[in-house]
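Report on one structure; see the data block that follows.
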Amino acid sequence: MNELSPPRLPVETARFLAWLMKVGGMPSLERCKRKWEREGIDVEECIRNLDISVIRIQISRSGEKVVKLVDWAWAAQWVSFHNLSIPHHGQMRRII
């Protein structure tokens with residue numbers, strides 16, 4: 001049986017996922033827009049193109065729209081696939 005492989009995720013979307021993982025997986029939609037408009041990424045369009053079971057825009061308890069990364073394992077696979085892993089602050093070395 002030959003299974004279809006999932007469509008490839010653009011590297012720009014994987015960069016967005018890597019950033020989402022770094023900032024905790026639930027930043028405000030406005031913060032995402034401010035950050036990624038400079039990079040030429042329409043955050044809402046990017047999220048619309050993905051399945052709601054992996055990432056979504058929802059309303060927080062305070063009434064603010066947030067981007068929620070639902071499936072961290074899925075995101076980590078794409079970040080790793082594109083070699084975009086972002087180290088935690090403790091893993092970074094200062095270059096002298």
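In the structure tokens, the first chain shown is A, the next is B, and so on; residue numbers restart at 1 for each chain, and ligands run from 1 in the order shown.
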### Message
Write out as JSON, numbers by chain the set of residues from region 16-63 of chain A that DSSP, computed on the backbone, places in strand (DSSP E).
### Response
{"A": [55, 56, 57, 58, 59]}
### Message
Using DSSP assignments from the backbone, pull out every residue in region 2-43 of chain A that falls under alpha helix (DSSP H) and give it to me as a count of residues only.
### Response
22
Please identify every residue of region 30-74 of chain A that has at least one atom no farther than 12 Å from an atom of region 7-23 of chain A, counting only C-alpha atoms, and for each give the shortest atom pair and the distance in Å to one decimal, arranged by chain then increasing number, as a Markdown table.
```
| residue | atom | partner | partner_atom | distance |
| --- | --- | --- | --- | --- |
| A:Arg31 | CA | A:Val23 | CA | 10.7 |
| A:Cys32 | CA | A:Leu20 | CA | 8.6 |
| A:Lys33 | CA | A:Phe16 | CA | 10.8 |
| A:Lys35 | CA | A:Phe16 | CA | 9.6 |
| A:Trp36 | CA | A:Phe16 | CA | 7.8 |
| A:Glu37 | CA | A:Phe16 | CA | 11.2 |
| A:Glu39 | CA | A:Glu12 | CA | 8.7 |
| A:Gly40 | CA | A:Glu12 | CA | 9.1 |
| A:Ile41 | CA | A:Glu12 | CA | 7.5 |
| A:Asp42 | CA | A:Thr13 | CA | 10.0 |
| A:Val43 | CA | A:Phe16 | CA | 8.5 |
| A:Glu44 | CA | A:Thr13 | CA | 11.5 |
| A:Glu45 | CA | A:Thr13 | CA | 10.5 |
| A:Cys46 | CA | A:Thr13 | CA | 6.9 |
| A:Ile47 | CA | A:Thr13 | CA | 8.9 |
| A:Arg48 | CA | A:Thr13 | CA | 11.7 |
| A:Asn49 | CA | A:Thr13 | CA | 10.0 |
| A:Leu50 | CA | A:Leu9 | CA | 9.3 |
| A:Val54 | CA | A:Leu17 | CA | 10.5 |
| A:Ile55 | CA | A:Leu17 | CA | 9.3 |
| A:Arg56 | CA | A:Leu20 | CA | 11.9 |
| A:Val66 | CA | A:Leu20 | CA | 11.2 |
| A:Val67 | CA | A:Leu20 | CA | 8.5 |
| A:Lys68 | CA | A:Leu20 | CA | 8.6 |
| A:Leu69 | CA | A:Leu20 | CA | 7.2 |
| A:Val70 | CA | A:Met21 | CA | 10.5 |
| A:Asp71 | CA | A:Met21 | CA | 10.4 |
| A:Trp72 | CA | A:Met21 | CA | 7.6 |
| A:Ala73 | CA | A:Met21 | CA | 10.3 |
| A:Trp74 | CA | A:Leu17 | CA | 9.8 |
```
### Task
Grab the CA of Glu64 (chain A) to CA of Gly24 (chain A) distance for me, in Å with one decimal place.
16.2 Å
### Task
Could you please determine the separation between CA of Leu84 (chain A) and CA of Pro27 (chain A) in Å, to one decimal place?
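CA of Pro27 (chain A) lies 19.4 Å from CA of Leu84 (chain A).
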### Residues within 9 Å of Ser85 (chain A), only C-alpha atoms, excluding chain neighbours under 2 positions, as a PyMOL selection string
chain A and resi 15+18+76+79-80+82-83+87
Could you write those residues out with N, CA and C atoms, as a PDB file, in the first residue's frame?
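Output saved as again.pdb:
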```
ATOM      1  N   ARG A  15       9.551  28.662   9.979  1.00  0.00           N
ATOM      2  CA  ARG A  15      10.200  29.706  10.797  1.00  0.00           C
ATOM      3  C   ARG A  15       9.206  30.299  11.794  1.00  0.00           C
ATOM      4  N   ALA A  18       8.726  27.802  14.559  1.00  0.00           N
ATOM      5  CA  ALA A  18       9.888  27.808  15.468  1.00  0.00           C
ATOM      6  C   ALA A  18       9.788  28.973  16.444  1.00  0.00           C
ATOM      7  N   ALA A  76       7.355  20.717  15.894  1.00  0.00           N
ATOM      8  CA  ALA A  76       8.770  20.389  16.098  1.00  0.00           C
ATOM      9  C   ALA A  76       9.319  19.572  14.933  1.00  0.00           C
ATOM     10  N   VAL A  79       9.946  22.077  12.104  1.00  0.00           N
ATOM     11  CA  VAL A  79      11.082  22.933  12.454  1.00  0.00           C
ATOM     12  C   VAL A  79      12.374  22.149  12.259  1.00  0.00           C
ATOM     13  N   SER A  80      12.385  20.924  12.719  1.00  0.00           N
ATOM     14  CA  SER A  80      13.555  20.060  12.568  1.00  0.00           C
ATOM     15  C   SER A  80      13.812  19.730  11.099  1.00  0.00           C
ATOM     16  N   HIS A  82      13.300  21.497   8.529  1.00  0.00           N
ATOM     17  CA  HIS A  82      13.906  22.658   7.877  1.00  0.00           C
ATOM     18  C   HIS A  82      15.172  23.142   8.600  1.00  0.00           C
ATOM     19  N   ASN A  83      15.641  22.371   9.575  1.00  0.00           N
ATOM     20  CA  ASN A  83      16.848  22.736  10.345  1.00  0.00           C
ATOM     21  C   ASN A  83      16.751  24.134  10.947  1.00  0.00           C
ATOM     22  N   PRO A  87      17.609  27.410  19.799  1.00  0.00           N
ATOM     23  CA  PRO A  87      18.013  26.982  21.144  1.00  0.00           C
ATOM     24  C   PRO A  87      17.421  27.879  22.225  1.00  0.00           C
TER      25      PRO A  87
END
```
#### Entry: Two-atom distance - CA of Lys65 (chain A), CA of Ser28 (chain A) (Å)
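Interatomic distance here is 5.9 Å.
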